[in-house]
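What follows is the content of query_37.txt, which has compact mmCIF, C-alpha atoms and all ligand atoms:
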# COMPACT_ATOMS: atom_id res chain seq x y z
CA MET K 1 -3.98 28.95 -9.54
CA ILE K 2 -5.56 25.98 -7.71
CA SER K 3 -5.46 25.98 -3.94
CA LEU K 4 -5.09 22.47 -2.58
CA GLN K 5 -6.34 23.56 0.82
CA SER K 6 -9.69 24.61 -0.56
CA SER K 7 -9.95 21.82 -3.11
CA LYS K 8 -12.27 18.82 -2.85
CA VAL K 9 -9.15 16.61 -2.95
CA LEU K 10 -8.02 17.48 0.53
CA GLY K 11 -11.58 17.94 1.71
CA ALA K 12 -12.16 14.17 1.27
CA THR K 13 -11.49 11.81 4.17
CA ILE K 14 -9.07 8.89 4.12
CA LYS K 15 -12.10 6.58 4.38
CA ASP K 16 -13.46 7.95 1.07
CA LEU K 17 -10.20 7.22 -0.74
CA ILE K 18 -8.93 3.86 0.51
CA ILE K 19 -9.06 0.52 -1.27
CA PRO K 20 -10.94 -1.48 1.43
CA ALA K 21 -9.26 -4.44 3.15
CA GLU K 22 -11.43 -7.03 1.38
CA ARG K 23 -10.09 -5.84 -2.00
CA VAL K 24 -6.42 -5.73 -0.94
CA ALA K 25 -4.20 -8.72 -1.79
CA HIS K 26 -2.25 -9.70 1.33
CA VAL K 27 -0.28 -12.55 2.87
CA GLN K 28 -0.22 -13.90 6.41
CA VAL K 29 2.76 -13.86 8.78
CA LYS K 30 3.09 -17.64 8.80
CA ASN K 31 2.71 -18.18 5.04
CA ASN K 32 5.87 -19.52 3.48
CA LEU K 33 7.92 -17.39 1.09
CA GLU K 34 6.94 -19.55 -1.87
CA HIS K 35 3.29 -18.55 -1.32
CA ALA K 36 4.22 -14.86 -0.95
CA LEU K 37 6.26 -14.99 -4.17
CA LEU K 38 3.29 -16.54 -5.94
CA VAL K 39 0.91 -13.81 -4.70
CA LEU K 40 3.32 -11.01 -5.72
CA THR K 41 3.99 -12.55 -9.13
CA LYS K 42 0.34 -13.29 -9.93
CA THR K 43 -0.97 -9.87 -8.80
CA GLY K 44 1.94 -7.93 -10.28
CA TYR K 45 2.11 -5.74 -7.14
CA THR K 46 5.46 -4.48 -5.92
CA ALA K 47 4.63 -5.17 -2.28
CA VAL K 48 1.63 -6.39 -0.26
CA PRO K 49 0.64 -6.06 3.43
CA VAL K 50 1.40 -8.86 5.90
CA LEU K 51 -1.52 -9.52 8.27
CA ASP K 52 -2.43 -12.06 10.95
CA ALA K 53 -5.70 -13.97 11.26
CA LYS K 54 -7.26 -10.99 13.14
CA TYR K 55 -6.27 -8.56 10.35
CA LYS K 56 -3.58 -6.90 12.49
CA LEU K 57 -0.85 -5.37 10.31
CA HIS K 58 2.68 -6.80 10.86
CA GLY K 59 4.67 -5.53 7.88
CA LEU K 60 5.09 -5.41 4.11
CA ILE K 61 6.64 -8.01 1.84
CA SER K 62 8.10 -7.48 -1.63
CA ILE K 63 10.02 -9.60 -4.14
CA THR K 64 13.18 -7.72 -3.12
CA HIS K 65 12.72 -8.75 0.55
CA ILE K 66 12.16 -12.37 -0.51
CA MET K 67 15.18 -12.50 -2.82
CA ASP K 68 17.37 -10.83 -0.21
CA SER K 69 16.42 -13.39 2.44
CA ILE K 70 17.31 -16.40 0.24
CA LEU K 71 20.53 -14.93 -1.10
CA GLY K 72 23.38 -17.33 -0.30
CA LEU K 73 27.09 -16.65 -0.62
CA GLU K 74 27.32 -17.87 -4.21
CA ARG K 75 23.74 -18.25 -5.43
CA ILE K 76 20.07 -17.62 -4.74
CA GLU K 77 18.95 -20.60 -2.64
CA PHE K 78 15.44 -21.15 -4.05
CA GLU K 79 15.00 -24.35 -2.04
CA ARG K 80 14.69 -22.15 1.10
CA LEU K 81 11.46 -20.56 -0.19
CA GLU K 82 9.22 -23.30 1.15
CA HIS K 83 10.92 -23.49 4.55
CA MET K 84 11.05 -19.78 5.43
CA VAL K 85 7.97 -17.82 6.56
CA VAL K 86 6.94 -14.30 5.62
CA GLU K 87 7.67 -12.78 9.05
CA GLU K 88 11.36 -13.72 8.65
CA ALA K 89 11.71 -11.66 5.48
CA MET K 90 9.19 -8.80 5.73
CA ASN K 91 9.85 -5.14 6.38
CA LYS K 92 8.55 -4.32 9.85
CA GLU K 93 9.33 -0.60 9.80
CA LEU K 94 6.49 0.82 7.81
CA ALA K 95 4.64 4.09 7.72
CA SER K 96 0.90 3.81 8.32
CA LEU K 97 -2.11 6.09 8.54
CA SER K 98 -5.02 6.14 10.92
CA ILE K 99 -8.49 6.17 9.37
CA SER K 100 -9.05 9.52 11.14
CA ASP K 101 -5.92 11.16 9.67
CA THR K 102 -6.21 13.95 7.12
CA VAL K 103 -5.76 13.34 3.39
CA GLU K 104 -2.98 15.93 3.57
CA LYS K 105 -1.00 13.61 5.87
CA GLY K 106 -1.63 10.76 3.43
CA LEU K 107 -0.33 12.90 0.58
CA GLU K 108 2.84 13.61 2.55
CA LEU K 109 3.51 9.89 3.18
CA LEU K 110 2.79 9.00 -0.46
CA VAL K 111 5.73 11.16 -1.57
CA ASP K 112 8.01 8.40 -0.26
CA HIS K 113 5.77 5.31 -0.60
CA PRO K 114 3.67 4.00 -3.51
CA PHE K 115 0.96 3.04 -1.01
CA VAL K 116 0.33 3.36 2.72
CA CYS K 117 -1.64 1.00 4.98
CA VAL K 118 -4.59 2.48 6.89
CA LEU K 119 -5.50 1.24 10.40
CA ASN K 120 -8.51 1.80 12.65
CA ASP K 121 -8.39 2.80 16.34
CA GLU K 122 -7.76 -0.83 17.35
CA ASN K 123 -4.83 -1.11 14.93
CA ILE K 124 -6.81 -3.35 12.63
CA PHE K 125 -6.09 -3.12 8.90
CA GLU K 126 -8.78 -1.12 7.06
CA GLY K 127 -7.20 -0.87 3.61
CA ILE K 128 -4.59 1.05 1.64
CA LEU K 129 -4.22 4.54 0.24
CA THR K 130 -2.32 4.50 -3.07
CA ARG K 131 -0.49 7.14 -5.09
CA ARG K 132 -2.71 6.23 -8.04
CA THR K 133 -5.92 7.12 -6.11
CA ILE K 134 -4.56 10.50 -5.01
CA LEU K 135 -3.14 11.34 -8.46
CA ASP K 136 -6.42 10.30 -10.08
CA ARG K 137 -8.34 12.63 -7.73
CA LEU K 138 -5.94 15.49 -8.38
CA HIS K 139 -6.12 14.92 -12.14
CA THR K 140 -9.95 14.96 -12.13
CA HIS K 141 -9.92 18.06 -9.96
CA PHE K 142 -7.53 19.93 -12.27
CA ILE K 143 -9.56 19.00 -15.36
CA ASN K 144 -12.83 20.15 -13.74
CA ASN K 145 -11.17 23.32 -12.54
CA ASN K 146 -9.89 24.10 -16.04
CA LYS K 147 -13.37 23.50 -17.49
CA GLU K 148 -14.89 25.91 -14.94
CA GLN K 149 -12.28 28.54 -15.86
CA ASP K 150 -13.02 28.07 -19.60
CA LEU K 151 -16.74 28.62 -18.90
CA GLU K 152 -15.96 31.85 -17.07
CA ILE K 153 -14.16 33.37 -20.10
P1 LIG W 201 -0.88 1.63 -7.82
O1 LIG W 201 -0.83 3.02 -7.26
O2 LIG W 201 -2.26 1.14 -8.13
O3 LIG W 201 0.10 1.43 -8.94
O4 LIG W 201 -0.38 0.67 -6.63
C1 LIG W 201 0.87 0.88 -6.05
C2 LIG W 201 1.19 -0.29 -5.17
O5 LIG W 201 0.16 -0.40 -4.17
C3 LIG W 201 1.17 -1.65 -5.86
O6 LIG W 201 2.39 -1.98 -6.50
C4 LIG W 201 0.93 -2.57 -4.70
O7 LIG W 201 2.13 -2.75 -3.97
C5 LIG W 201 -0.05 -1.76 -3.87
N1 LIG W 201 -1.43 -2.10 -4.23
C6 LIG W 201 -2.30 -1.40 -5.01
N2 LIG W 201 -3.50 -2.01 -5.10
C7 LIG W 201 -3.42 -3.13 -4.34
C8 LIG W 201 -4.34 -4.20 -4.01
N3 LIG W 201 -5.59 -4.24 -4.45
N4 LIG W 201 -3.88 -5.19 -3.21
C9 LIG W 201 -2.61 -5.17 -2.73
N5 LIG W 201 -1.70 -4.19 -2.99
C10 LIG W 201 -2.09 -3.19 -3.79

The structure given in the file should be rewritten as structure tokens.
Ligand code: AMP
Amino acid sequence: MISLQSSKVLGATIKDLIIPAERVAHVQVKNNLEHALLVLTKTGYTAVPVLDAKYKLHGLISITHIMDSILGLERIEFERLEHMVVEEAMNKELASLSISDTVEKGLELLVDHPFVCVLNDENIFEGILTRRTILDRLHTHFINNNKEQDLEI
């Protein structure tokens, strides 16, 4: 039986596991929705962080948020895409982690979210922690653990 508490997975820090800010696709609060739709479509990501020029986190934007904000009474009003800005459509209520939080806390948040934004002490965006990263770590750990057990037999 593998104990998560004693494993290297939870022994790692959030800093070791994040995708750093410079490698995270994002949009800015004042970008129009057409630009955000382009970024989401081209990257294939479900949602991306919304930042300002100083890398402060303001929210998350997804294709669902964009579609919902241009939904008229009888049709989707695509012509509104270029006139509306990201901050009008984004989700502002988002869970986030501090760079000093434990990986265990990250794991808990990732149960409900495919990724979580990580902030430093000044609330500046440092990167994201994704489900994929944590699952990859766990997978590697389980494989190594099984190999060690096989060697013991
Ligand atoms: P993954 O766990 O790699 O499938 O990623 C889950 C979600 O995290 C994606 O759908 C995106 O919303 C977000 N994500 C992952 N990697 C990036 C990245 N480099 N830039 C922006 N968002 C990302």

Residues up to 7 Å from ligand LIG 201 (chain W), counting all atoms listed in the file: could you list those as a ChimeraX atom specification?
/K:19,23-26,45-48,114-115,130-133

For atom CA of K:Leu81 and atom CA of K:Glu34, quote the distance in Å rounded to one decimal.
4.9 Å

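Counting all atoms listed in the file, the residue from K:Lys30, K:Arg75, K:His35, K:His139 that sits nearest to K:Ala53 is K:Lys30.
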
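You will find atom CA of K:Asn91 at 19.9 Å from atom CA of K:Phe78.
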
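Compared by their closest atoms to K:Glu108, and using only C-alpha atoms, the residues K:Ile124, K:Val39, K:Ile76, K:Ile134 rank with K:Ile134 nearest.
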
Distance query 9 Å from (-1.2, -17.7, 8.7) using all atoms listed in the file, result as a PyMOL selection string:
chain K and resi 27-32+51-53

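Proximity to K:Ile61 was assessed for K:Glu82, K:Lys92, K:Val111, K:Thr43 counting all atoms listed in the file; the smallest distance is recorded for K:Lys92.
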
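In this structure, atom CA of K:Ser96 sits 7.2 Å away from atom CA of K:Leu119.
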
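Closest to K:His83 among K:Ser69, K:Glu22, K:Glu104, K:Asp16 is K:Ser69, based on only C-alpha atoms.
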
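Counting all atoms listed in the file, the residue from K:Glu74, K:Asp150, K:Asp121, K:Glu79 that sits nearest to K:Leu33 is K:Glu79.
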
Listed atoms of stretch 11-23 of chain K, axis-aligned box, 6 Å per side: centre and edge lengths to one decimal in Å, as JSON?
{"center_x": -11.2, "center_y": 5.5, "center_z": 1.2, "size_x": 16.5, "size_y": 37.0, "size_z": 18.4}
